[in-house]
>>> print(open('my_file_23.json').read())   # JSON, C-alpha atoms and all ligand atoms
[["chain", "number", "residue", "atom", "x", "y", "z"],
["A", 89, "MET", "CA", 26.00, -55.86, 22.09],
["A", 90, "ASP", "CA", 24.39, -56.75, 18.78],
["A", 91, "LEU", "CA", 23.52, -54.05, 16.27],
["A", 92, "TYR", "CA", 20.49, -54.30, 13.99],
["A", 93, "ASN", "CA", 19.65, -51.99, 11.11],
["A", 94, "THR", "CA", 16.52, -53.71, 9.84],
["A", 95, "LYS", "CA", 13.18, -54.51, 11.37],
["A", 96, "ALA", "CA", 13.23, -58.08, 9.95],
["A", 97, "GLU", "CA", 16.53, -58.99, 11.62],
["A", 98, "LEU", "CA", 15.60, -57.37, 14.92],
["A", 99, "SER", "CA", 12.17, -59.05, 14.97],
["A", 100, "ALA", "CA", 13.68, -62.49, 14.34],
["A", 101, "ARG", "CA", 16.05, -62.02, 17.29],
["A", 102, "LEU", "CA", 13.29, -60.68, 19.56],
["A", 103, "THR", "CA", 11.01, -63.62, 18.71],
["A", 104, "ALA", "CA", 13.77, -65.96, 19.87],
["A", 105, "GLU", "CA", 14.29, -63.93, 23.07],
["A", 106, "ASN", "CA", 10.55, -63.88, 23.77],
["A", 107, "ARG", "CA", 10.45, -67.68, 23.43],
["A", 108, "LYS", "CA", 13.06, -67.88, 26.16],
["A", 109, "GLY", "CA", 10.69, -65.85, 28.36],
["A", 110, "ARG", "CA", 13.00, -62.85, 28.50],
["A", 111, "ARG", "CA", 11.56, -59.58, 29.85],
["A", 112, "ILE", "CA", 12.43, -56.87, 27.33],
["A", 113, "ALA", "CA", 13.02, -53.15, 28.02],
["A", 114, "LEU", "CA", 13.10, -50.50, 25.30],
["A", 115, "VAL", "CA", 15.09, -47.27, 25.61],
["A", 116, "PRO", "CA", 14.25, -45.02, 22.64],
["A", 117, "THR", "CA", 16.83, -42.32, 21.79],
["A", 118, "MET", "CA", 17.93, -40.09, 18.96],
["A", 119, "GLY", "CA", 21.60, -40.89, 19.67],
["A", 120, "ALA", "CA", 24.46, -38.48, 20.49],
["A", 121, "LEU", "CA", 24.47, -40.30, 23.80],
["A", 122, "HIS", "CA", 25.34, -38.61, 27.10],
["A", 123, "ALA", "CA", 25.08, -39.33, 30.82],
["A", 124, "GLY", "CA", 21.29, -38.80, 30.75],
["A", 125, "HIS", "CA", 20.85, -41.63, 28.25],
["A", 126, "LEU", "CA", 23.25, -43.86, 30.21],
["A", 127, "SER", "CA", 21.12, -43.45, 33.35],
["A", 128, "LEU", "CA", 18.10, -44.72, 31.37],
["A", 129, "ILE", "CA", 20.07, -47.84, 30.44],
["A", 130, "GLN", "CA", 20.87, -48.54, 34.11],
["A", 131, "ILE", "CA", 17.19, -48.16, 35.03],
["A", 132, "ALA", "CA", 16.17, -50.42, 32.12],
["A", 133, "LYS", "CA", 18.61, -53.09, 33.32],
["A", 134, "GLN", "CA", 16.95, -53.08, 36.74],
["A", 135, "HIS", "CA", 13.57, -53.80, 35.15],
["A", 136, "ALA", "CA", 14.35, -56.32, 32.40],
["A", 137, "ASP", "CA", 16.54, -59.23, 31.24],
["A", 138, "LEU", "CA", 17.27, -57.69, 27.86],
["A", 139, "VAL", "CA", 17.76, -54.00, 27.05],
["A", 140, "VAL", "CA", 17.03, -52.78, 23.52],
["A", 141, "MET", "CA", 18.14, -49.25, 22.70],
["A", 142, "SER", "CA", 16.81, -47.61, 19.57],
["A", 143, "LEU", "CA", 18.79, -44.90, 17.88],
["A", 144, "PHE", "CA", 16.81, -42.98, 15.30],
["A", 145, "VAL", "CA", 16.79, -39.27, 14.54],
["A", 146, "ASN", "CA", 13.09, -39.06, 13.76],
["A", 147, "PRO", "CA", 12.50, -36.57, 10.92],
["A", 148, "LYS", "CA", 8.77, -36.44, 11.71],
["A", 149, "GLN", "CA", 9.29, -34.73, 15.08],
["A", 150, "PHE", "CA", 11.45, -31.85, 13.83],
["A", 151, "ASN", "CA", 9.55, -28.76, 12.87],
["A", 152, "SER", "CA", 12.67, -27.03, 11.63],
["A", 153, "GLY", "CA", 14.73, -28.46, 8.76],
["A", 154, "ASP", "CA", 17.84, -26.78, 10.17],
["A", 155, "ASP", "CA", 17.38, -28.38, 13.57],
["A", 156, "PHE", "CA", 17.10, -31.81, 11.89],
["A", 157, "LYS", "CA", 20.15, -31.15, 9.72],
["A", 158, "ASN", "CA", 22.25, -29.85, 12.63],
["A", 159, "TYR", "CA", 21.16, -32.49, 15.15],
["A", 160, "PRO", "CA", 24.40, -34.12, 16.39],
["A", 161, "ARG", "CA", 25.01, -37.63, 15.01],
["A", 162, "SER", "CA", 27.72, -39.98, 16.30],
["A", 163, "VAL", "CA", 26.61, -43.56, 15.61],
["A", 164, "GLU", "CA", 29.97, -45.31, 16.16],
["A", 165, "GLN", "CA", 30.65, -43.53, 19.44],
["A", 166, "ASP", "CA", 27.05, -44.19, 20.52],
["A", 167, "ALA", "CA", 27.41, -47.91, 19.82],
["A", 168, "ALA", "CA", 30.59, -48.07, 21.92],
["A", 169, "MET", "CA", 28.98, -46.15, 24.80],
["A", 170, "ALA", "CA", 25.80, -48.22, 24.70],
["A", 171, "ALA", "CA", 27.75, -51.49, 24.68],
["A", 172, "ALA", "CA", 29.90, -50.35, 27.63],
["A", 173, "ALA", "CA", 26.76, -49.35, 29.54],
["A", 174, "GLY", "CA", 25.20, -52.79, 29.09],
["A", 175, "VAL", "CA", 22.76, -52.43, 26.18],
["A", 176, "ASP", "CA", 22.11, -55.88, 24.71],
["A", 177, "LEU", "CA", 20.63, -54.95, 21.33],
["A", 178, "MET", "CA", 20.89, -51.69, 19.46],
["A", 179, "PHE", "CA", 18.37, -50.90, 16.74],
["A", 180, "ALA", "CA", 19.60, -48.19, 14.38],
["A", 181, "PRO", "CA", 17.18, -48.23, 11.42],
["A", 182, "SER", "CA", 17.13, -46.08, 8.29],
["A", 183, "THR", "CA", 14.24, -43.66, 7.71],
["A", 184, "GLU", "CA", 12.88, -46.10, 5.07],
["A", 185, "GLN", "CA", 12.76, -48.91, 7.65],
["A", 186, "ILE", "CA", 10.63, -46.82, 9.99],
["A", 187, "TYR", "CA", 8.54, -44.99, 7.38],
["A", 188, "PRO", "CA", 8.27, -47.27, 4.32],
["A", 189, "SER", "CA", 5.45, -45.10, 2.94],
["A", 190, "GLY", "CA", 7.46, -41.90, 3.25],
["A", 191, "ILE", "CA", 7.11, -38.87, 5.49],
["A", 192, "GLY", "CA", 6.45, -35.98, 3.11],
["A", 193, "SER", "CA", 3.25, -33.95, 3.27],
["A", 194, "GLY", "CA", 2.03, -35.83, 0.16],
["A", 195, "SER", "CA", 2.44, -39.14, 1.98],
["A", 196, "GLU", "CA", -0.82, -40.94, 2.74],
["A", 197, "ALA", "CA", 0.72, -42.89, 5.59],
["A", 198, "PRO", "CA", -1.38, -42.98, 8.77],
["A", 199, "GLN", "CA", 0.01, -41.20, 11.76],
["A", 200, "VAL", "CA", -0.76, -40.86, 15.45],
["A", 201, "THR", "CA", -2.23, -37.64, 16.83],
["A", 202, "ALA", "CA", -0.86, -36.96, 20.31],
["A", 203, "GLY", "CA", -3.41, -36.37, 23.08],
["A", 204, "SER", "CA", -4.29, -33.45, 25.33],
["A", 205, "ALA", "CA", -0.94, -33.55, 27.19],
["A", 206, "SER", "CA", 0.66, -32.32, 23.95],
["A", 207, "ARG", "CA", -1.33, -29.10, 23.58],
["A", 208, "GLY", "CA", 0.44, -26.42, 25.63],
["A", 209, "LEU", "CA", 4.11, -25.76, 26.39],
["A", 210, "CYS", "CA", 6.33, -27.24, 23.64],
["A", 211, "GLY", "CA", 3.22, -28.32, 21.72],
["A", 212, "ALA", "CA", 2.25, -24.69, 21.25],
["A", 213, "GLY", "CA", 5.67, -23.60, 19.99],
["A", 214, "ARG", "CA", 6.45, -26.70, 17.90],
["A", 215, "PRO", "CA", 3.35, -27.62, 15.85],
["A", 216, "GLY", "CA", 3.32, -31.30, 14.88],
["A", 217, "HIS", "CA", 6.26, -32.17, 17.12],
["A", 218, "PHE", "CA", 4.36, -34.43, 19.53],
["A", 219, "ASP", "CA", 2.39, -36.09, 16.72],
["A", 220, "GLY", "CA", 5.80, -37.03, 15.28],
["A", 221, "VAL", "CA", 6.96, -38.30, 18.67],
["A", 222, "ALA", "CA", 3.74, -40.27, 19.26],
["A", 223, "THR", "CA", 3.95, -41.78, 15.77],
["A", 224, "VAL", "CA", 7.54, -42.95, 16.07],
["A", 225, "VAL", "CA", 7.05, -44.28, 19.61],
["A", 226, "ALA", "CA", 3.97, -46.24, 18.49],
["A", 227, "ILE", "CA", 6.01, -47.68, 15.59],
["A", 228, "LEU", "CA", 8.89, -48.61, 17.92],
["A", 229, "PHE", "CA", 6.48, -50.16, 20.43],
["A", 230, "ASN", "CA", 4.98, -52.26, 17.62],
["A", 231, "ILE", "CA", 8.36, -53.35, 16.25],
["A", 232, "VAL", "CA", 9.98, -54.18, 19.61],
["A", 233, "ARG", "CA", 6.86, -55.10, 21.63],
["A", 234, "PRO", "CA", 8.72, -54.45, 24.88],
["A", 235, "ASP", "CA", 7.43, -55.31, 28.35],
["A", 236, "CYS", "CA", 8.62, -51.92, 29.60],
["A", 237, "ALA", "CA", 10.06, -48.72, 28.16],
["A", 238, "VAL", "CA", 12.12, -46.01, 29.88],
["A", 239, "PHE", "CA", 11.63, -42.29, 29.20],
["A", 240, "GLY", "CA", 13.47, -39.38, 30.86],
["A", 241, "GLU", "CA", 11.80, -36.69, 32.93],
["A", 242, "LYS", "CA", 14.10, -34.23, 31.14],
["A", 243, "ASP", "CA", 11.39, -34.33, 28.45],
["A", 244, "TYR", "CA", 8.60, -34.19, 30.99],
["A", 245, "GLN", "CA", 5.84, -33.26, 28.56],
["A", 246, "GLN", "CA", 6.95, -36.03, 26.19],
["A", 247, "LEU", "CA", 6.75, -38.51, 29.09],
["A", 248, "LYS", "CA", 3.14, -37.46, 29.80],
["A", 249, "VAL", "CA", 2.24, -37.64, 26.07],
["A", 250, "ILE", "CA", 3.63, -41.18, 25.93],
["A", 251, "GLU", "CA", 1.92, -42.31, 29.14],
["A", 252, "GLN", "CA", -1.37, -41.11, 27.61],
["A", 253, "LEU", "CA", -0.63, -42.79, 24.26],
["A", 254, "ASN", "CA", 0.22, -46.06, 25.99],
["A", 255, "ARG", "CA", -2.94, -46.00, 28.09],
["A", 256, "VAL", "CA", -5.44, -44.84, 25.49],
["A", 257, "LEU", "CA", -4.16, -47.01, 22.61],
["A", 258, "HIS", "CA", -3.82, -50.05, 24.93],
["A", 259, "PHE", "CA", -0.16, -50.77, 24.32],
["A", 260, "ASP", "CA", -0.09, -51.94, 27.95],
["A", 261, "ILE", "CA", 3.65, -51.41, 28.22],
["A", 262, "GLU", "CA", 5.05, -50.44, 31.62],
["A", 263, "ILE", "CA", 6.30, -46.86, 31.18],
["A", 264, "ILE", "CA", 9.17, -46.18, 33.54],
["A", 265, "PRO", "CA", 10.07, -42.53, 34.22],
["A", 266, "ALA", "CA", 13.78, -41.77, 34.70],
["A", 267, "PRO", "CA", 14.94, -38.78, 36.78],
["A", 268, "LEU", "CA", 16.48, -35.81, 34.97],
["A", 269, "VAL", "CA", 20.31, -35.94, 35.04],
["A", 270, "ARG", "CA", 22.30, -32.69, 35.32],
["A", 271, "ASP", "CA", 25.95, -31.93, 34.59],
["A", 272, "GLN", "CA", 28.19, -30.52, 37.36],
["A", 273, "ASP", "CA", 27.27, -26.95, 36.43],
["A", 274, "GLY", "CA", 23.58, -27.75, 36.85],
["A", 275, "ILE", "CA", 22.77, -27.83, 33.12],
["A", 276, "ALA", "CA", 20.56, -30.76, 32.09],
["A", 277, "PHE", "CA", 22.41, -33.14, 29.76],
["A", 278, "SER", "CA", 21.07, -32.74, 26.24],
["A", 279, "SER", "CA", 22.42, -33.80, 22.86],
["A", 280, "ARG", "CA", 21.83, -30.25, 21.61],
["A", 281, "ASN", "CA", 24.28, -28.84, 24.21],
["A", 282, "ALA", "CA", 27.04, -29.95, 21.82],
["A", 283, "ARG", "CA", 25.97, -27.09, 19.53],
["A", 284, "LEU", "CA", 26.56, -24.35, 22.16],
["A", 285, "ALA", "CA", 29.52, -21.97, 22.00],
["A", 286, "PRO", "CA", 31.46, -21.68, 25.32],
["A", 287, "ALA", "CA", 29.84, -18.31, 26.17],
["A", 288, "GLU", "CA", 26.39, -19.76, 25.48],
["A", 289, "ARG", "CA", 27.09, -22.79, 27.64],
["A", 290, "GLU", "CA", 28.10, -20.45, 30.45],
["A", 291, "ALA", "CA", 24.96, -18.32, 30.05],
["A", 292, "LEU", "CA", 22.81, -21.45, 30.05],
["A", 293, "GLN", "CA", 23.78, -22.10, 33.69],
["A", 294, "LEU", "CA", 21.21, -19.42, 34.49],
["A", 295, "LEU", "CA", 18.43, -21.80, 33.44],
["A", 296, "PRO", "CA", 18.97, -24.39, 36.19],
["A", 297, "ARG", "CA", 19.71, -21.52, 38.57],
["A", 298, "ALA", "CA", 16.32, -19.98, 37.77],
["A", 299, "LEU", "CA", 14.59, -23.32, 38.37],
["A", 300, "PHE", "CA", 16.44, -23.89, 41.64],
["A", 301, "LYS", "CA", 15.50, -20.35, 42.68],
["A", 302, "ALA", "CA", 11.82, -21.10, 42.04],
["A", 303, "ARG", "CA", 12.11, -24.25, 44.13],
["A", 304, "GLU", "CA", 13.80, -22.37, 46.99],
["A", 305, "LEU", "CA", 11.00, -19.80, 47.00],
["A", 306, "PHE", "CA", 8.45, -22.63, 47.02],
["A", 307, "TRP", "CA", 10.28, -24.31, 49.90],
["A", 308, "ALA", "CA", 10.24, -20.96, 51.73],
["A", 309, "GLY", "CA", 6.44, -20.94, 51.46],
["A", 310, "GLU", "CA", 5.70, -19.08, 48.21],
["A", 311, "ARG", "CA", 2.66, -20.62, 46.49],
["A", 312, "ASN", "CA", 1.92, -17.96, 43.88],
["A", 313, "SER", "CA", 3.04, -19.14, 40.42],
["A", 314, "ALA", "CA", 3.32, -15.58, 39.07],
["A", 315, "THR", "CA", 5.86, -14.72, 41.79],
["A", 316, "LEU", "CA", 7.97, -17.78, 40.95],
["A", 317, "ILE", "CA", 7.84, -16.98, 37.24],
["A", 318, "SER", "CA", 8.90, -13.35, 37.83],
["A", 319, "ALA", "CA", 11.87, -14.52, 39.90],
["A", 320, "MET", "CA", 12.90, -16.90, 37.11],
["A", 321, "GLN", "CA", 12.50, -14.20, 34.46],
["A", 322, "ALA", "CA", 14.73, -11.87, 36.50],
["A", 323, "THR", "CA", 17.45, -14.53, 36.75],
["A", 324, "LEU", "CA", 17.34, -15.30, 33.00],
["A", 325, "ALA", "CA", 17.30, -11.61, 32.05],
["A", 326, "SER", "CA", 20.84, -11.21, 33.36],
["A", 327, "SER", "CA", 22.18, -12.69, 30.11],
["A", 328, "PRO", "CA", 21.39, -11.25, 26.65],
["A", 329, "LEU", "CA", 22.23, -14.68, 25.17],
["A", 330, "LEU", "CA", 19.06, -16.26, 26.58],
["A", 331, "ARG", "CA", 15.61, -15.76, 25.07],
["A", 332, "PRO", "CA", 12.90, -17.54, 27.07],
["A", 333, "GLU", "CA", 10.11, -19.14, 25.01],
["A", 334, "TYR", "CA", 7.95, -20.14, 27.99],
["A", 335, "LEU", "CA", 8.16, -20.41, 31.77],
["A", 336, "GLU", "CA", 5.13, -22.08, 33.29],
["A", 337, "VAL", "CA", 3.95, -23.72, 36.48],
["A", 338, "VAL", "CA", 1.67, -26.66, 35.68],
["A", 339, "ASP", "CA", 0.07, -29.60, 37.42],
["A", 340, "THR", "CA", 2.19, -32.74, 37.30],
["A", 341, "GLU", "CA", -0.22, -34.94, 35.31],
["A", 342, "LEU", "CA", -2.47, -32.90, 33.01],
["A", 343, "LEU", "CA", 0.12, -30.14, 32.55],
["A", 344, "GLU", "CA", -2.54, -27.48, 33.02],
["A", 345, "ARG", "CA", -1.45, -24.08, 34.28],
["A", 346, "ILE", "CA", -1.71, -23.51, 38.03],
["A", 347, "GLU", "CA", -2.00, -20.09, 39.65],
["A", 348, "LYS", "CA", -1.87, -21.12, 43.32],
["A", 349, "ILE", "CA", 0.21, -24.20, 44.03],
["A", 350, "GLN", "CA", -1.11, -26.72, 46.52],
["A", 351, "ASP", "CA", 1.28, -29.57, 47.35],
["A", 352, "ARG", "CA", 3.04, -30.16, 44.08],
["A", 353, "ALA", "CA", 3.62, -28.75, 40.64],
["A", 354, "GLN", "CA", 6.06, -28.93, 37.74],
["A", 355, "VAL", "CA", 7.94, -25.86, 36.61],
["A", 356, "MET", "CA", 8.49, -26.05, 32.87],
["A", 357, "ALA", "CA", 10.91, -23.94, 30.82],
["A", 358, "ALA", "CA", 11.97, -23.58, 27.19],
["A", 359, "LEU", "CA", 14.43, -21.03, 25.89],
["A", 360, "TRP", "CA", 16.67, -20.18, 23.02],
["A", 361, "CYS", "CA", 20.38, -19.96, 23.71],
["A", 362, "GLY", "CA", 21.87, -18.53, 20.52],
["A", 363, "ALA", "CA", 20.45, -20.70, 17.73],
["A", 364, "VAL", "CA", 19.70, -23.67, 19.99],
["A", 365, "ARG", "CA", 16.35, -24.34, 21.66],
["A", 366, "LEU", "CA", 16.58, -26.09, 25.03],
["A", 367, "ILE", "CA", 14.13, -27.29, 27.67],
["A", 368, "ASP", "CA", 14.37, -27.98, 31.38],
["A", 369, "ASN", "CA", 11.99, -28.53, 34.30],
["A", 370, "ILE", "CA", 11.87, -29.09, 38.02],
["A", 371, "ARG", "CA", 9.40, -30.65, 40.48],
["A", 372, "LEU", "CA", 7.98, -28.61, 43.36],
["A", 373, "ASP", "CA", 6.85, -30.96, 46.10],
["A", 374, "ALA", "CA", 5.80, -29.83, 49.56],
["A", 375, "GLY", "CA", 6.55, -33.37, 50.76],
["A", 376, "GLU", "CA", 10.26, -32.78, 50.00],
["A", 377, "ILE", "CA", 10.64, -29.80, 52.32],
["A", 378, "ILE", "CA", 12.97, -30.71, 55.11],
["B", 401, "LIG", "P1", 16.70, -38.00, 23.06],
["B", 401, "LIG", "O1", 17.83, -38.79, 22.49],
["B", 401, "LIG", "O2", 17.05, -36.58, 23.38],
["B", 401, "LIG", "O3", 15.43, -38.15, 22.26],
["B", 401, "LIG", "O4", 16.38, -38.64, 24.48],
["B", 401, "LIG", "C1", 16.15, -40.02, 24.62],
["B", 401, "LIG", "C2", 15.66, -40.29, 26.01],
["B", 401, "LIG", "O5", 16.62, -39.84, 26.96],
["B", 401, "LIG", "C3", 14.35, -39.53, 26.34],
["B", 401, "LIG", "O6", 13.52, -40.39, 27.11],
["B", 401, "LIG", "C4", 14.86, -38.36, 27.15],
["B", 401, "LIG", "O7", 13.89, -37.85, 28.05],
["B", 401, "LIG", "C5", 16.01, -38.98, 27.89],
["B", 401, "LIG", "N1", 16.95, -37.95, 28.34],
["B", 401, "LIG", "C6", 17.59, -37.04, 27.57],
["B", 401, "LIG", "N2", 18.33, -36.22, 28.35],
["B", 401, "LIG", "C7", 18.15, -36.61, 29.63],
["B", 401, "LIG", "C8", 18.63, -36.14, 30.89],
["B", 401, "LIG", "N3", 19.45, -35.11, 31.00],
["B", 401, "LIG", "N4", 18.20, -36.79, 32.00],
["B", 401, "LIG", "C9", 17.35, -37.84, 31.92],
["B", 401, "LIG", "N5", 16.87, -38.33, 30.75],
["B", 401, "LIG", "C10", 17.26, -37.72, 29.62]]
>>> encode(input="my_file_23.json", output="structure tokens", more="lines below")
Ligand code: AMP
Amino acid sequence: MDLYNTKAELSARLTAENRKGRRIALVPTMGALHAGHLSLIQIAKQHADLVVMSLFVNPKQFNSGDDFKNYPRSVEQDAAMAAAAGVDLMFAPSTEQIYPSGIGSGSEAPQVTAGSASRGLCGAGRPGHFDGVATVVAILFNIVRPDCAVFGEKDYQQLKVIEQLNRVLHFDIEIIPAPLVRDQDGIAFSSRNARLAPAEREALQLLPRALFKARELFWAGERNSATLISAMQATLASSPLLRPEYLEVVDTELLERIEKIQDRAQVMAALWCGAVRLIDNIRLDAGEII
């Protein structure tokens, strides 16, 4: 695996690879790699000849300075994991490389405004977050110019925001969704899990349990979103360490709230576990009922 810290060096290499007719996949990450990220690499390898992983903790998408400061960083370990998983090129730029005109509120740099998919859910609780995501993804798309890019369904709303960005701004990159990967205890892999105390980690198991409960009720024939949400609330209320931010049942594309579910829906959840904010989601699909 080759590591690049500057846009100029990466671009020179990618120009050479493009000349050889190589199909290029991009896997954007903020590092602190885990099994979820590794699954994205495997999917990228199935779709391309060359896998580029970016590793950049994007200051523009954090709406809390503390969250940015405390975000886990482990560049050397990440490079070793990425190389072992088959990443060909890693791009780990500085903030100046990505935002040469700065990021402060006084900065006159243009930025991307995320579309309608960004409005509710995490967009409501984290103002500016998805604009920061859309801006950095547009920058990475322009630097790497990949044929395809892989994004995890763990961040389901982010995936929809990026699909919309790609379509409306004509990037014409194939966006490949990757299934959410869970640990043995059901908890979705997330870099922020590293910040949980053992008791918090244990309490967090209630989150996947609540989502699985909602899916069981759906499979048993329940179609009323309010009933599913109440059942999830009851499960989460059994630990004082969890403070739900939202629990919603939305349609799988526009992410608009649904009251009565037809054939499919996405259950979306965000909560605070101690000082850490975490998200999770699950698909309800009548076609999956056995
Ligand atoms: P992050 O480093 O958290 O910004 O995530 C980078 C990419 O990995 C995003 O496309 C995420 O959706 C994806 N990802 C993170 N956690 C998981 C997971 N548990 N399962 C699947 N994809 C994930």
>>> residues_around(input="my_file_23.json", residues="region 333-346 of chain A", least_positions_apart="5", cutoff="6 Å", atoms="only C-alpha atoms", output="PyMOL selection string")
chain A and resi 353-359
>>> residues_around(input="my_file_23.json", residues="Gln149 (chain A)", least_positions_apart="4", cutoff="8 Å", atoms="only C-alpha atoms", output="PyMOL selection string")
chain A and resi 216-221
>>> residues_near_ligand(input="my_file_23.json", ligand="ligand LIG 401 (chain B)", cutoff="9 Å", atoms="all atoms listed in the file", output="count of residues only")
41
>>> closest_residue(input="my_file_23.json", among="A:Leu305, A:Asp166, A:Lys148, A:Gly208", to="Val224 (chain A)", atoms="all atoms listed in the file")
A:Lys148
>>> axis_aligned_box(input="my_file_23.json", around="region 361-372 of chain A", padding_each_side="5 Å", output="AutoDock Vina command-line options")
--center_x 14.9 --center_y -24.6 --center_z 30.5 --size_x 23.9 --size_y 22.1 --size_z 35.6
>>> residues_around(input="my_file_23.json", residues="Met320 (chain A)", least_positions_apart="5", cutoff="8 Å", atoms="all atoms listed in the file", output="PyMOL selection string")
chain A and resi 298-299+301-302+335
>>> atom_distance(input="my_file_23.json", atom1="CA of Asn106 (chain A)", atom2="CA of Phe229 (chain A)")
14.7 Å
>>> closest_residue(input="my_file_23.json", among="A:Val139, A:Ser162, A:Asn151, A:Gln293", to="Arg214 (chain A)", atoms="all atoms listed in the file")
A:Asn151
>>> atom_distance(input="my_file_23.json", atom1="CA of Gly274 (chain A)", atom2="CA of Thr323 (chain A)")
14.6 Å
>>> atom_distance(input="my_file_23.json", atom1="CA of Thr94 (chain A)", atom2="CA of Thr201 (chain A)")
25.7 Å
>>> closest_residue(input="my_file_23.json", among="A:Arg101, A:Arg365, A:Lys348, A:Lys95", to="Gly309 (chain A)", atoms="only C-alpha atoms")
A:Lys348
>>> closest_residue(input="my_file_23.json", among="A:Ile263, A:Pro147, A:Ala322, A:Leu228", to="Tyr159 (chain A)", atoms="all atoms listed in the file")
A:Pro147
>>> closest_residue(input="my_file_23.json", among="A:Cys236, A:Leu138, A:Ile129, A:Leu292", to="Leu102 (chain A)", atoms="all atoms listed in the file")
A:Leu138
>>> residues_around(input="my_file_23.json", residues="Gln252 (chain A)", least_positions_apart="3", cutoff="8 Å", atoms="all atoms listed in the file", output="PDB file with C-alpha atoms, in the coordinates of the input")
ATOM      1  CA  GLY A 203      -3.410 -36.370  23.080  1.00  0.00           C
ATOM      2  CA  ALA A 205      -0.940 -33.550  27.190  1.00  0.00           C
ATOM      3  CA  LYS A 248       3.140 -37.460  29.800  1.00  0.00           C
ATOM      4  CA  VAL A 249       2.240 -37.640  26.070  1.00  0.00           C
ATOM      5  CA  ARG A 255      -2.940 -46.000  28.090  1.00  0.00           C
ATOM      6  CA  VAL A 256      -5.440 -44.840  25.490  1.00  0.00           C
TER       7      VAL A 256
END
>>> residues_around(input="my_file_23.json", residues="Asn312 (chain A)", least_positions_apart="3", cutoff="9 Å", atoms="only C-alpha atoms", output="PyMOL selection string")
chain A and resi 306+315-317+346-349
>>> build_atoms(input="my_file_23.json", residues="region 250-264 of chain A", atoms="N, CA and C atoms", output="CSV table (one decimal), in the frame of the given file")
chain,number,residue,atom,x,y,z
A,250,ILE,N,3.4,-39.8,26.2
A,250,ILE,CA,3.6,-41.2,25.9
A,250,ILE,C,2.8,-42.0,26.9
A,251,GLU,N,2.8,-41.6,28.2
A,251,GLU,CA,1.9,-42.3,29.1
A,251,GLU,C,0.5,-42.3,28.6
A,252,GLN,N,0.0,-41.2,28.1
A,252,GLN,CA,-1.4,-41.1,27.6
A,252,GLN,C,-1.6,-42.0,26.4
A,253,LEU,N,-0.6,-42.0,25.5
A,253,LEU,CA,-0.6,-42.8,24.3
A,253,LEU,C,-0.7,-44.3,24.6
A,254,ASN,N,0.1,-44.7,25.6
A,254,ASN,CA,0.2,-46.1,26.0
A,254,ASN,C,-1.1,-46.5,26.6
A,255,ARG,N,-1.7,-45.6,27.4
A,255,ARG,CA,-2.9,-46.0,28.1
A,255,ARG,C,-4.1,-46.0,27.1
A,256,VAL,N,-4.2,-45.0,26.3
A,256,VAL,CA,-5.4,-44.8,25.5
A,256,VAL,C,-5.4,-45.8,24.3
A,257,LEU,N,-4.2,-46.1,23.7
A,257,LEU,CA,-4.2,-47.0,22.6
A,257,LEU,C,-3.9,-48.4,23.1
A,258,HIS,N,-3.9,-48.7,24.4
A,258,HIS,CA,-3.8,-50.0,24.9
A,258,HIS,C,-2.5,-50.8,24.5
A,259,PHE,N,-1.4,-50.1,24.5
A,259,PHE,CA,-0.2,-50.8,24.3
A,259,PHE,C,0.2,-51.6,25.5
A,260,ASP,N,-0.3,-51.2,26.7
A,260,ASP,CA,-0.1,-51.9,28.0
A,260,ASP,C,1.4,-52.2,28.2
A,261,ILE,N,2.2,-51.3,27.9
A,261,ILE,CA,3.6,-51.4,28.2
A,261,ILE,C,3.9,-50.7,29.5
A,262,GLU,N,4.8,-51.2,30.4
A,262,GLU,CA,5.0,-50.4,31.6
A,262,GLU,C,6.0,-49.3,31.3
A,263,ILE,N,5.5,-48.1,31.5
A,263,ILE,CA,6.3,-46.9,31.2
A,263,ILE,C,7.0,-46.5,32.4
A,264,ILE,N,8.4,-46.5,32.4
A,264,ILE,CA,9.2,-46.2,33.5
A,264,ILE,C,9.8,-44.8,33.4
